$ cat protein-v5.cif   # mmCIF, C-alpha atoms
data_data
loop_
_atom_site.label_atom_id
_atom_site.label_comp_id
_atom_site.auth_asym_id
_atom_site.auth_seq_id
_atom_site.Cartn_x
_atom_site.Cartn_y
_atom_site.Cartn_z
CA MET F 17 44.75 -159.59 -96.72
CA ARG F 18 42.24 -157.62 -94.72
CA VAL F 19 43.52 -154.70 -92.64
CA LEU F 20 41.26 -153.42 -89.84
CA LEU F 21 40.86 -149.66 -89.50
CA PHE F 22 39.97 -147.65 -86.40
CA ALA F 23 39.18 -144.10 -85.32
CA ARG F 24 40.26 -141.39 -87.76
CA ALA F 25 41.57 -143.96 -90.24
CA ARG F 26 38.17 -145.60 -90.42
CA ASP F 27 36.42 -142.26 -90.84
CA LEU F 28 38.85 -141.12 -93.55
CA ALA F 29 38.60 -144.40 -95.46
CA GLY F 30 34.87 -144.69 -94.92
CA ALA F 31 35.37 -148.39 -94.25
CA GLU F 32 36.09 -150.73 -91.34
CA ALA F 33 38.79 -152.52 -93.28
CA ILE F 34 40.87 -152.37 -96.48
CA GLU F 35 41.68 -155.37 -98.66
CA VAL F 36 45.34 -155.48 -99.62
CA ASP F 37 46.96 -157.88 -102.10
CA LEU F 38 50.52 -158.65 -101.13
CA PRO F 39 53.02 -161.20 -102.49
CA ALA F 40 54.11 -164.15 -100.35
CA ASN F 41 56.90 -163.21 -97.94
CA ALA F 42 55.68 -159.63 -97.74
CA THR F 43 56.64 -157.74 -94.60
CA VAL F 44 54.76 -155.33 -92.38
CA GLY F 45 56.76 -152.59 -94.08
CA ASP F 46 55.46 -153.72 -97.48
CA LEU F 47 51.92 -153.53 -96.13
CA ARG F 48 52.60 -150.07 -94.70
CA ALA F 49 53.89 -148.89 -98.09
CA SER F 50 50.85 -150.24 -99.94
CA LEU F 51 48.17 -148.60 -97.78
CA PRO F 52 48.59 -144.99 -99.01
CA LYS F 53 48.33 -146.20 -102.62
CA LEU F 54 45.04 -147.96 -101.90
CA CYS F 55 43.67 -145.11 -99.81
CA PRO F 56 45.53 -141.81 -100.26
CA ARG F 57 43.42 -140.08 -97.61
CA ILE F 58 45.04 -142.06 -94.79
CA ALA F 59 48.62 -141.60 -96.07
CA GLY F 60 49.56 -139.10 -93.37
CA LEU F 61 48.03 -141.16 -90.59
CA VAL F 62 49.66 -144.40 -91.79
CA GLU F 63 53.09 -142.83 -91.33
CA ARG F 64 52.33 -142.19 -87.65
CA SER F 65 50.47 -145.46 -86.98
CA ALA F 66 51.57 -148.85 -85.77
CA ILE F 67 50.65 -152.09 -87.49
CA ALA F 68 49.33 -154.89 -85.29
CA VAL F 69 49.60 -158.55 -86.32
CA ASN F 70 47.52 -160.97 -84.27
CA ASN F 71 46.94 -158.32 -81.59
CA GLU F 72 50.65 -157.53 -81.21
CA TYR F 73 52.56 -154.45 -82.32
CA ALA F 74 54.78 -155.53 -85.23
CA ALA F 75 58.04 -154.07 -86.58
CA ASP F 76 58.22 -153.17 -90.27
CA THR F 77 60.73 -155.99 -90.79
CA THR F 78 58.27 -158.66 -89.56
CA LEU F 79 57.13 -161.16 -92.17
CA LEU F 80 53.33 -161.23 -92.50
CA PRO F 81 51.96 -164.70 -91.65
CA ALA F 82 49.65 -166.27 -94.25
CA ALA F 83 46.59 -166.09 -92.02
CA ALA F 84 46.78 -163.24 -89.57
CA GLU F 85 44.52 -160.58 -88.12
CA VAL F 86 46.13 -157.32 -89.18
CA ALA F 87 45.18 -153.83 -88.05
CA LEU F 88 46.30 -150.26 -88.53
CA VAL F 89 46.68 -148.77 -85.04
CA PRO F 90 46.77 -144.96 -85.06
CA PRO F 91 48.34 -143.17 -82.06
CA VAL F 92 46.23 -144.14 -79.07
CA SER F 93 44.31 -141.73 -76.84
CA GLY F 94 42.57 -143.87 -74.26
CA GLY F 95 42.52 -143.10 -70.59
CA MET L 5 51.17 -125.55 -16.07
CA ARG L 6 49.16 -128.53 -17.27
CA VAL L 7 50.79 -130.81 -19.86
CA LEU L 8 48.50 -133.11 -21.85
CA LEU L 9 49.61 -136.71 -22.30
CA PHE L 10 48.69 -139.13 -25.08
CA ALA L 11 49.13 -142.74 -26.11
CA ARG L 12 51.97 -144.58 -24.34
CA ALA L 13 52.83 -141.51 -22.26
CA ARG L 14 49.30 -141.43 -20.87
CA ASP L 15 49.34 -145.15 -20.14
CA LEU L 16 52.75 -144.98 -18.43
CA ALA L 17 51.80 -141.97 -16.32
CA GLY L 18 48.33 -143.29 -15.60
CA ALA L 19 46.99 -139.79 -16.16
CA GLU L 20 45.72 -137.57 -18.96
CA ALA L 21 47.90 -134.68 -17.87
CA ILE L 22 50.75 -133.73 -15.56
CA GLU L 23 50.90 -130.53 -13.54
CA VAL L 24 54.28 -128.84 -13.83
CA ASP L 25 55.48 -125.81 -11.84
CA LEU L 26 57.86 -123.69 -13.86
CA PRO L 27 59.39 -120.26 -13.20
CA ALA L 28 58.38 -117.29 -15.36
CA ASN L 29 60.37 -117.17 -18.62
CA ALA L 30 60.75 -120.94 -18.64
CA THR L 31 61.33 -122.49 -22.06
CA VAL L 32 60.02 -125.61 -23.72
CA GLY L 33 63.41 -127.13 -22.96
CA ASP L 34 62.93 -126.40 -19.25
CA LEU L 35 59.57 -128.13 -19.39
CA ARG L 36 61.11 -131.09 -21.19
CA ALA L 37 63.80 -131.38 -18.49
CA SER L 38 61.24 -131.27 -15.68
CA LEU L 39 58.95 -134.03 -16.97
CA PRO L 40 61.21 -137.03 -16.17
CA LYS L 41 61.64 -135.78 -12.64
CA LEU L 42 57.89 -135.60 -12.10
CA CYS L 43 57.24 -138.92 -13.82
CA PRO L 44 60.33 -141.10 -14.22
CA ARG L 45 58.39 -143.73 -16.18
CA ILE L 46 58.03 -141.48 -19.20
CA ALA L 47 61.69 -140.33 -19.20
CA GLY L 48 62.66 -142.41 -22.24
CA LEU L 49 59.61 -141.37 -24.19
CA VAL L 50 60.03 -137.66 -23.37
CA GLU L 51 63.46 -137.70 -25.03
CA ARG L 52 61.87 -138.86 -28.30
CA SER L 53 58.74 -136.74 -28.09
CA ALA L 54 57.87 -133.28 -29.35
CA ILE L 55 56.29 -130.60 -27.21
CA ALA L 56 53.31 -128.77 -28.66
CA VAL L 57 52.35 -125.28 -27.50
CA ASN L 58 48.91 -124.08 -28.57
CA ASN L 59 48.65 -126.91 -31.11
CA GLU L 60 52.00 -126.12 -32.72
CA TYR L 61 55.28 -128.04 -32.51
CA ALA L 62 57.65 -125.93 -30.45
CA ALA L 63 61.45 -125.81 -30.33
CA ASP L 64 63.18 -126.28 -26.97
CA THR L 65 64.31 -122.65 -27.11
CA THR L 66 60.73 -121.34 -27.30
CA LEU L 67 59.55 -119.35 -24.28
CA LEU L 68 56.42 -120.84 -22.73
CA PRO L 69 53.54 -118.33 -22.84
CA ALA L 70 51.78 -117.65 -19.53
CA ALA L 71 48.51 -119.25 -20.66
CA ALA L 72 49.06 -121.93 -23.22
CA GLU L 73 47.76 -125.38 -24.02
CA VAL L 74 50.81 -127.59 -23.77
CA ALA L 75 51.10 -131.25 -24.78
CA LEU L 76 53.68 -133.99 -24.94
CA VAL L 77 53.49 -135.44 -28.47
CA PRO L 78 55.17 -138.85 -28.72
CA PRO L 79 56.28 -140.04 -32.19
CA VAL L 80 53.11 -140.26 -34.26
CA SER L 81 51.77 -143.40 -35.91
CA GLY L 82 48.57 -142.37 -37.62
CA GLY L 83 47.67 -143.36 -41.13
CA MET T 14 38.18 -130.57 -46.14
CA VAL T 15 39.55 -132.52 -43.19
CA ARG T 16 37.73 -134.76 -40.75
CA LEU T 17 38.28 -136.99 -37.75
CA THR T 18 35.55 -139.57 -37.33
CA ARG T 19 34.60 -142.51 -35.15
CA GLU T 20 32.38 -143.94 -37.90
CA ALA T 21 33.43 -146.15 -40.82
CA ILE T 22 35.03 -144.10 -43.60
CA ASP T 23 32.86 -144.00 -46.72
CA HIS T 24 35.37 -143.91 -49.59
CA THR T 25 32.61 -143.67 -52.18
CA ARG T 26 31.48 -140.35 -50.74
CA LEU T 27 35.03 -138.99 -50.48
CA THR T 28 35.81 -139.85 -54.07
CA GLU T 29 32.50 -138.46 -55.34
CA ASP T 30 32.84 -135.27 -53.32
CA VAL T 31 36.18 -134.26 -54.85
CA ARG T 32 35.15 -134.82 -58.50
CA ARG T 33 35.08 -131.64 -60.59
CA ASP T 34 34.31 -131.06 -64.27
CA HIS T 35 37.64 -129.32 -64.88
CA CYS T 36 39.59 -132.14 -63.22
CA GLY T 37 40.32 -135.17 -65.39
CA ALA T 38 41.97 -137.13 -62.59
CA VAL T 39 40.92 -138.34 -59.15
CA VAL T 40 43.26 -140.32 -56.91
CA THR T 41 41.93 -141.88 -53.73
CA PHE T 42 44.21 -143.48 -51.15
CA LEU T 43 42.90 -145.80 -48.45
CA GLY T 44 44.95 -146.98 -45.51
CA THR T 45 43.52 -150.19 -44.08
CA VAL T 46 44.32 -152.30 -41.01
CA ARG T 47 46.71 -155.07 -42.06
CA ASP T 48 46.59 -158.52 -40.51
CA LEU T 49 50.39 -158.77 -40.31
CA THR T 50 53.08 -156.33 -39.21
CA GLY T 51 56.38 -157.95 -39.97
CA ASP T 52 55.77 -161.49 -38.72
CA ARG T 53 53.33 -160.55 -35.95
CA THR T 54 49.59 -160.94 -36.27
CA THR T 55 47.36 -157.94 -35.60
CA LEU T 56 43.80 -158.51 -34.39
CA ALA T 57 42.78 -154.87 -34.17
CA LEU T 58 44.09 -151.34 -33.77
CA ASP T 59 42.98 -148.52 -31.51
CA TYR T 60 43.54 -145.02 -32.88
CA GLU T 61 43.73 -141.97 -30.66
CA ALA T 62 44.32 -138.34 -31.61
CA TYR T 63 45.15 -135.05 -30.01
CA PRO T 64 42.05 -133.78 -31.79
CA ASP T 65 42.45 -130.00 -31.98
CA MET T 66 46.07 -130.20 -33.05
CA ALA T 67 45.39 -133.08 -35.45
CA LEU T 68 42.68 -131.05 -37.21
CA LYS T 69 44.98 -128.02 -37.37
CA LYS T 70 47.79 -130.12 -38.88
CA LEU T 71 45.42 -131.78 -41.35
CA GLU T 72 44.25 -128.32 -42.45
CA GLU T 73 47.87 -127.26 -42.91
CA ILE T 74 48.43 -130.30 -45.10
CA GLU T 75 45.35 -129.44 -47.15
CA GLN T 76 46.57 -125.86 -47.65
CA ASP T 77 50.13 -126.94 -48.41
CA THR T 78 48.89 -129.46 -50.98
CA ARG T 79 46.65 -126.86 -52.60
CA SER T 80 49.60 -124.46 -52.80
CA ARG T 81 51.74 -127.00 -54.66
CA TRP T 82 49.25 -128.53 -57.12
CA PRO T 83 46.12 -127.26 -58.93
CA VAL T 84 43.77 -129.15 -56.65
CA GLY T 85 40.09 -129.18 -57.60
CA ASP T 86 39.23 -130.52 -54.18
CA ILE T 87 40.87 -132.61 -51.48
CA ILE T 88 39.49 -134.48 -48.49
CA LEU T 89 41.57 -135.99 -45.70
CA GLU T 90 39.71 -138.16 -43.23
CA HIS T 91 41.09 -140.21 -40.33
CA ARG T 92 39.15 -142.66 -38.23
CA LEU T 93 39.61 -142.94 -34.47
CA GLY T 94 38.66 -145.65 -32.01
CA HIS T 95 38.71 -149.43 -32.33
CA LEU T 96 39.34 -150.80 -35.85
CA ASP T 97 39.33 -154.41 -37.00
CA VAL T 98 41.55 -155.94 -39.66
CA GLY T 99 40.43 -154.67 -43.06
CA ASP T 100 38.84 -151.49 -41.73
CA ILE T 101 39.82 -148.19 -43.35
CA SER T 102 41.84 -146.05 -40.93
CA VAL T 103 42.56 -143.13 -43.26
CA ALA T 104 41.47 -141.88 -46.67
CA VAL T 105 42.74 -139.09 -48.90
CA ALA T 106 40.91 -138.17 -52.11
CA VAL T 107 42.24 -135.53 -54.51
CA SER T 108 41.13 -134.23 -57.90
CA CYS T 109 43.38 -132.31 -60.29
CA PRO T 110 43.22 -131.43 -63.99
CA HIS T 111 45.91 -134.03 -64.86
CA ARG T 112 46.81 -137.40 -63.45
CA HIS T 113 50.39 -136.85 -62.36
CA GLN T 114 49.27 -133.85 -60.35
CA ALA T 115 46.60 -135.93 -58.62
CA PHE T 116 49.02 -138.78 -57.84
CA ASP T 117 51.69 -136.42 -56.51
CA ALA T 118 49.23 -134.37 -54.47
CA CYS T 119 47.58 -137.43 -52.89
CA ARG T 120 50.90 -139.05 -52.03
CA HIS T 121 52.24 -135.81 -50.60
CA ALA T 122 49.19 -135.42 -48.36
CA ILE T 123 49.31 -138.95 -46.91
CA ASP T 124 53.10 -138.80 -46.49
CA ARG T 125 52.81 -135.57 -44.50
CA LEU T 126 49.90 -136.96 -42.48
CA LYS T 127 51.97 -139.92 -41.37
CA GLU T 128 54.91 -137.64 -40.60
CA PHE T 129 53.46 -135.11 -38.18
CA VAL T 130 49.72 -135.33 -37.50
CA PRO T 131 49.32 -136.21 -33.80
CA ILE T 132 47.48 -139.51 -34.13
CA TRP T 133 48.65 -142.78 -32.60
CA LYS T 134 47.74 -146.39 -32.99
CA LYS T 135 47.81 -149.16 -30.42
CA GLU T 136 48.43 -152.67 -31.70
CA ASN T 137 46.22 -155.45 -30.36
CA TRP T 138 48.43 -158.45 -31.04
CA ALA T 139 47.12 -161.98 -31.48
CA ASP T 140 48.94 -163.04 -28.28
CA GLY T 141 46.66 -160.76 -26.27
CA THR T 142 49.18 -158.00 -25.61
CA THR T 143 48.75 -154.40 -26.69
CA GLU T 144 51.38 -151.82 -27.61
CA TRP T 145 51.28 -148.16 -28.57
CA VAL T 146 53.25 -147.58 -31.74
CA HIS T 147 55.82 -144.80 -31.43
CA PRO T 148 58.32 -145.14 -34.28
CA GLY T 149 61.91 -144.85 -33.16
CA THR T 150 61.21 -145.73 -29.53
CA MET U 17 41.35 -158.28 -63.74
CA VAL U 18 40.77 -156.15 -66.82
CA ARG U 19 37.50 -155.04 -68.39
CA LEU U 20 36.08 -153.00 -71.24
CA THR U 21 32.55 -151.82 -70.56
CA ARG U 22 29.81 -149.71 -72.11
CA GLU U 23 28.22 -149.14 -68.69
CA ALA U 24 29.12 -146.51 -66.10
CA ILE U 25 32.24 -147.48 -64.14
CA ASP U 26 31.43 -148.25 -60.50
CA HIS U 27 34.52 -147.09 -58.62
CA THR U 28 33.10 -148.26 -55.30
CA ARG U 29 33.06 -151.84 -56.54
CA LEU U 30 36.58 -151.63 -58.02
CA THR U 31 38.02 -150.27 -54.80
CA GLU U 32 36.18 -152.81 -52.65
CA ASP U 33 37.15 -155.70 -54.91
CA VAL U 34 40.91 -155.13 -54.59
CA ARG U 35 40.96 -154.80 -50.78
CA ARG U 36 42.90 -157.56 -49.01
CA ASP U 37 43.66 -158.13 -45.32
CA HIS U 38 47.41 -158.29 -45.94
CA CYS U 39 47.37 -155.04 -47.94
CA GLY U 40 47.44 -151.84 -45.91
CA ALA U 41 47.12 -149.58 -48.93
CA VAL U 42 44.63 -149.15 -51.75
CA VAL U 43 45.08 -146.54 -54.48
CA THR U 44 42.28 -145.91 -56.95
CA PHE U 45 42.74 -143.70 -59.99
CA LEU U 46 39.79 -142.33 -61.95
CA GLY U 47 40.11 -140.64 -65.32
CA THR U 48 37.09 -138.41 -65.97
CA VAL U 49 35.92 -136.38 -68.97
CA ARG U 50 37.14 -132.81 -68.55
CA ASP U 51 35.11 -129.84 -69.72
CA LEU U 52 38.19 -128.04 -71.12
CA THR U 53 41.14 -129.23 -73.20
CA GLY U 54 43.54 -126.34 -73.41
CA ASP U 55 41.13 -123.47 -74.14
CA ARG U 56 38.56 -125.54 -76.06
CA THR U 57 35.30 -126.71 -74.51
CA THR U 58 34.43 -130.40 -74.67
CA LEU U 59 30.78 -131.43 -74.61
CA ALA U 60 31.35 -135.17 -74.76
CA LEU U 61 33.82 -137.87 -75.80
CA ASP U 62 33.29 -141.04 -77.81
CA TYR U 63 35.66 -143.88 -76.94
CA GLU U 64 36.38 -146.73 -79.31
CA ALA U 65 38.69 -149.72 -78.88
CA TYR U 66 40.25 -152.48 -80.89
CA PRO U 67 38.70 -154.77 -78.31
CA ASP U 68 40.67 -158.03 -78.54
CA MET U 69 44.00 -156.28 -78.68
CA ALA U 70 43.01 -153.77 -75.99
CA LEU U 71 42.11 -156.61 -73.60
CA LYS U 72 45.37 -158.39 -74.40
CA LYS U 73 47.39 -155.23 -73.73
CA LEU U 74 45.47 -154.52 -70.51
CA GLU U 75 46.26 -158.05 -69.34
CA GLU U 76 49.93 -157.49 -70.15
CA ILE U 77 49.86 -154.34 -68.03
CA GLU U 78 48.24 -156.26 -65.16
CA GLN U 79 50.93 -158.96 -65.34
CA ASP U 80 53.75 -156.43 -65.69
CA THR U 81 52.48 -154.49 -62.69
CA ARG U 82 52.17 -157.67 -60.61
CA SER U 83 55.74 -158.61 -61.55
CA ARG U 84 57.10 -155.27 -60.30
CA TRP U 85 55.14 -154.75 -57.06
CA PRO U 86 53.59 -157.07 -54.44
CA VAL U 87 50.06 -156.49 -55.70
CA GLY U 88 47.22 -157.93 -53.63
CA ASP U 89 44.83 -157.33 -56.49
CA ILE U 90 44.50 -154.92 -59.40
CA ILE U 91 41.58 -154.02 -61.65
CA LEU U 92 41.86 -151.99 -64.85
CA GLU U 93 38.57 -150.96 -66.42
CA HIS U 94 37.96 -148.74 -69.45
CA ARG U 95 34.62 -147.47 -70.64
CA LEU U 96 33.69 -147.29 -74.33
CA GLY U 97 30.97 -145.39 -76.16
CA HIS U 98 29.55 -141.93 -75.58
CA LEU U 99 30.64 -140.17 -72.37
CA ASP U 100 29.51 -136.84 -71.02
CA VAL U 101 31.61 -134.33 -69.10
CA GLY U 102 32.28 -135.71 -65.61
CA ASP U 103 31.82 -139.35 -66.60
CA ILE U 104 34.54 -141.81 -65.63
CA SER U 105 36.37 -143.10 -68.69
CA VAL U 106 38.95 -145.27 -66.95
CA ALA U 107 39.63 -146.62 -63.47
CA VAL U 108 42.60 -148.45 -61.97
CA ALA U 109 42.43 -149.82 -58.42
CA VAL U 110 45.43 -151.49 -56.76
CA SER U 111 46.11 -152.90 -53.31
CA CYS U 112 49.60 -153.53 -51.90
CA PRO U 113 51.02 -154.13 -48.42
CA HIS U 114 52.49 -150.60 -48.27
CA ARG U 115 51.39 -147.26 -49.65
CA HIS U 116 54.32 -146.35 -51.87
CA GLN U 117 53.98 -149.69 -53.63
CA ALA U 118 50.29 -149.03 -54.26
CA PHE U 119 50.91 -145.50 -55.57
CA ASP U 120 53.74 -146.63 -57.84
CA ALA U 121 51.84 -149.64 -59.13
CA CYS U 122 48.68 -147.68 -59.88
CA ARG U 123 50.55 -144.89 -61.63
CA HIS U 124 52.57 -147.38 -63.64
CA ALA U 125 49.42 -149.15 -64.81
CA ILE U 126 47.61 -145.99 -65.96
CA ASP U 127 50.76 -144.61 -67.60
CA ARG U 128 51.21 -147.80 -69.62
CA LEU U 129 47.51 -147.88 -70.49
CA LYS U 130 47.71 -144.42 -72.00
CA GLU U 131 50.90 -145.33 -73.82
CA PHE U 132 49.92 -148.38 -75.83
CA VAL U 133 46.43 -149.79 -75.26
CA PRO U 134 44.53 -149.42 -78.58
CA ILE U 135 41.70 -147.17 -77.44
CA TRP U 136 40.86 -143.83 -79.01
CA LYS U 137 38.71 -140.89 -78.08
CA LYS U 138 36.79 -138.54 -80.34
CA GLU U 139 36.28 -135.01 -79.07
CA ASN U 140 32.82 -133.49 -79.41
CA TRP U 141 33.66 -129.79 -79.27
CA ALA U 142 31.23 -127.11 -78.19
CA ASP U 143 31.33 -125.63 -81.70
CA GLY U 144 29.66 -128.76 -83.07
CA THR U 145 32.74 -130.28 -84.69
CA THR U 146 34.21 -133.65 -83.79
CA GLU U 147 37.81 -134.83 -83.93
CA TRP U 148 39.55 -138.13 -83.27
CA VAL U 149 42.49 -137.61 -80.94
CA HIS U 150 45.73 -139.10 -82.28
CA PRO U 151 48.64 -137.55 -80.36
CA GLY U 152 51.45 -136.41 -82.63
CA THR U 153 49.30 -136.18 -85.77
#
$ encode --input "protein-v5.cif" --output "structure tokens"
Amino acid sequence: MRVLLFARARDLAGAEAIEVDLPANATVGDLRASLPKLCPRIAGLVERSAIAVNNEYAADTTLLPAAAEVALVPPVSGG
Amino acid sequence: MRVLLFARARDLAGAEAIEVDLPANATVGDLRASLPKLCPRIAGLVERSAIAVNNEYAADTTLLPAAAEVALVPPVSGG
Amino acid sequence: MVRLTREAIDHTRLTEDVRRDHCGAVVTFLGTVRDLTGDRTTLALDYEAYPDMALKKLEEIEQDTRSRWPVGDIILEHRLGHLDVGDISVAVAVSCPHRHQAFDACRHAIDRLKEFVPIWKKENWADGTTEWVHPGT
Amino acid sequence: MVRLTREAIDHTRLTEDVRRDHCGAVVTFLGTVRDLTGDRTTLALDYEAYPDMALKKLEEIEQDTRSRWPVGDIILEHRLGHLDVGDISVAVAVSCPHRHQAFDACRHAIDRLKEFVPIWKKENWADGTTEWVHPGT
């Protein structure tokens, strides 16, 4: 599964996305837990970020659909 | 003393101002009481209007200065 | 700055004129002539002022607003004369460092304007009659 | 209507586009790039969005605002890319029949935008450093 990165997360990771391998029936929380292992530099930011699934903020208990657009959404600062 | 009229008061009186004779030491309240006698048509509006003395809203207890610009200010509706 | 004018109000200019580099927020309010008041149809409005007192009261509102919020700049402008439906009768533009300041300051200024600035409007109803508007009478 | 743009925001057009004959009030909010944040000097900001989600969230804000107030029209527009001090980063224009509706609706829309629309700014400080702004981190 590909996870889109933005803003400081993208700069810290040096990439626009991270590939994550997750078992079937994995949840958003499982994804959240796996990100710091794949990219330790964003660990602190992941804790404070939301996860979006198909352009919607998702709770950690949400099951990840098989084909979904997933993104790490750090605290926003638009306006 | 000349009292400026505006809006409905001017239309009802058919004049831009009314001349009022008041004794020395007359108050704004005395002026207010005299207006309906001079121009009965504006009696109802006078009750609901403010009196301005030198471009300032004045209480009925205020003494009228000898030389002042005085106006009847009906309820406003700007904006 | 405060102004009474018989020309069309240029909201672009008002908004541009209050912008400041230290102010991250600009709020501009426009009052426009509505086609309906309750269930009656308005064709036009005529606005009249007691000009000297209106300018004095507008200046008091500017000073009062500046004393309550960190205003970068503020402009209050009211149009007088004959206005058609859709025309802008009044505009208030305010800049402040932060947005809630700008919203509060702008709303305060227009609320006060409608409360005590000696300006009056005359309705020109669709049935051909006219009527000065004096709330409460 | 909602928009993300890399061009300068034209507040004149936004304000004109929301005006309606049955709406006596228009409130336009502009967010502009401030020269100071606290005691630090900003030279410029870079804005980035997660575009599809940002547009979806902006549309939700438009619908939510329309459901709460009798909105004639509303436009939310956010600029992306490199902005200098004084540039307009965001604009919200709203028309409603009455002024308190327009103020409340406009403030609601910009408050929600800042709360959850996935857009981020990067500070370009006067000392040459840059920093993505992520409140709370």
$ closest_residue --input "protein-v5.cif" --among "L:Ala63, L:Val80, L:Ala37, L:Ala75" --to "Ile22 (chain L)" --atoms "all atoms listed in the file"
L:Ala75
$ closest_residue --input "protein-v5.cif" --among "L:Cys43, L:Leu49, L:Ala62, L:Ile55" --to "chain T" --atoms "only C-alpha atoms"
L:Leu49
$ resolve_selection --input "protein-v5.cif" --expression "the PyMOL selection byres ((chain L) within 6 of (chain T))" --output "ChimeraX atom specification"
/L:12,59,79-83
$ resolve_selection --input "protein-v5.cif" --expression "the PyMOL selection byres ((chain U) within 6 of (chain T))" --output "list in words"
Thr28, Asp37, His38, Cys39, Gly40, Ala41, Val42, Val43, Thr44, Phe45, Leu46, Gly47, Thr48, Val49, Arg50, Asp51 and Gly102 of chain U
$ residues_around --input "protein-v5.cif" --residues "Thr66 (chain L)" --least-positions-apart "5" --cutoff "12 Å" --atoms "only C-alpha atoms" --output "MDAnalysis selection string"
chainID L and resid 29:36 55:57 60:61
$ write_last_selection --input "protein-v5.cif" --atoms "C-alpha atoms" --output "CSV table (one decimal), in the frame of the given file"
chain,number,residue,atom,x,y,z
L,29,ASN,CA,60.4,-117.2,-18.6
L,30,ALA,CA,60.8,-120.9,-18.6
L,31,THR,CA,61.3,-122.5,-22.1
L,32,VAL,CA,60.0,-125.6,-23.7
L,33,GLY,CA,63.4,-127.1,-23.0
L,34,ASP,CA,62.9,-126.4,-19.2
L,35,LEU,CA,59.6,-128.1,-19.4
L,36,ARG,CA,61.1,-131.1,-21.2
L,55,ILE,CA,56.3,-130.6,-27.2
L,56,ALA,CA,53.3,-128.8,-28.7
L,57,VAL,CA,52.4,-125.3,-27.5
L,60,GLU,CA,52.0,-126.1,-32.7
L,61,TYR,CA,55.3,-128.0,-32.5
$ resolve_selection --input "protein-v5.cif" --expression "the PyMOL selection byres ((chain F and resi 18) around 7)" --output "NGL selection string"
:F and (17 or 19-20 or 33-36 or 86)
$ residues_around --input "protein-v5.cif" --residues "Gly144 (chain U)" --least-positions-apart "5" --cutoff "12 Å" --atoms "all atoms listed in the file" --output "tab-separated table (two decimals) with C-alpha atoms, in the coordinates of the input"
chain	number	residue	atom	x	y	z
U	56	ARG	CA	38.56	-125.54	-76.06
U	57	THR	CA	35.30	-126.71	-74.51
U	58	THR	CA	34.43	-130.40	-74.67
U	59	LEU	CA	30.78	-131.43	-74.61
U	60	ALA	CA	31.35	-135.17	-74.76
U	139	GLU	CA	36.28	-135.01	-79.07
$ atom_distance --input "protein-v5.cif" --atom1 "CA of Ile88 (chain T)" --atom2 "CA of Glu23 (chain U)"
27.4 Å
$ atom_distance --input "protein-v5.cif" --atom1 "CA of Ala13 (chain L)" --atom2 "CA of Leu17 (chain T)"
21.7 Å
$ atom_distance --input "protein-v5.cif" --atom1 "CA of Leu96 (chain T)" --atom2 "CA of Leu58 (chain T)"
5.2 Å
$ residues_around --input "protein-v5.cif" --residues "Phe10 (chain L)" --least-positions-apart "3" --cutoff "7 Å" --atoms "all atoms listed in the file" --output "number ranges by chain"
L: 13-14, 20, 77
$ write_last_selection --input "protein-v5.cif" --atoms "C-alpha atoms" --output "compact mmCIF listing (two decimals), keeping the file's coordinate frame"
# COMPACT_ATOMS: atom_id res chain seq x y z
CA ALA L 13 52.83 -141.51 -22.26
CA ARG L 14 49.30 -141.43 -20.87
CA GLU L 20 45.72 -137.57 -18.96
CA VAL L 77 53.49 -135.44 -28.47
$ closest_residue --input "protein-v5.cif" --among "F:Pro52, F:Pro90, F:Pro81, F:Gly30" --to "Ser65 (chain F)" --atoms "all atoms listed in the file"
F:Pro90
$ residues_around --input "protein-v5.cif" --residues "Thr78 (chain T)" --least-positions-apart "4" --cutoff "7 Å" --atoms "only C-alpha atoms" --output "number ranges by chain"
T: 74, 82, 118, 122
$ decode --input "protein-v5.cif" --residues "region 107-114 of chain U" --atoms "N, CA and C atoms" --output "compact mmCIF listing (two decimals), in the first residue's frame"
# COMPACT_ATOMS: atom_id res chain seq x y z
N ALA U 107 -9.29 33.57 0.51
CA ALA U 107 -10.40 34.52 0.50
C ALA U 107 -11.70 33.75 0.63
N VAL U 108 -12.62 34.31 1.43
CA VAL U 108 -13.97 33.75 1.56
C VAL U 108 -14.94 34.91 1.40
N ALA U 109 -15.83 34.80 0.43
CA ALA U 109 -16.87 35.82 0.23
C ALA U 109 -18.23 35.15 0.36
N VAL U 110 -19.13 35.81 1.11
CA VAL U 110 -20.46 35.25 1.39
C VAL U 110 -21.51 36.35 1.29
N SER U 111 -22.62 36.05 0.66
CA SER U 111 -23.78 36.96 0.71
C SER U 111 -24.93 36.28 1.44
N CYS U 112 -25.67 37.07 2.20
CA CYS U 112 -26.87 36.59 2.91
C CYS U 112 -27.88 37.74 2.93
N PRO U 113 -29.15 37.43 3.20
CA PRO U 113 -30.13 38.53 3.30
C PRO U 113 -29.73 39.57 4.34
N HIS U 114 -29.23 39.13 5.52
CA HIS U 114 -28.96 40.08 6.60
C HIS U 114 -27.51 39.98 7.08
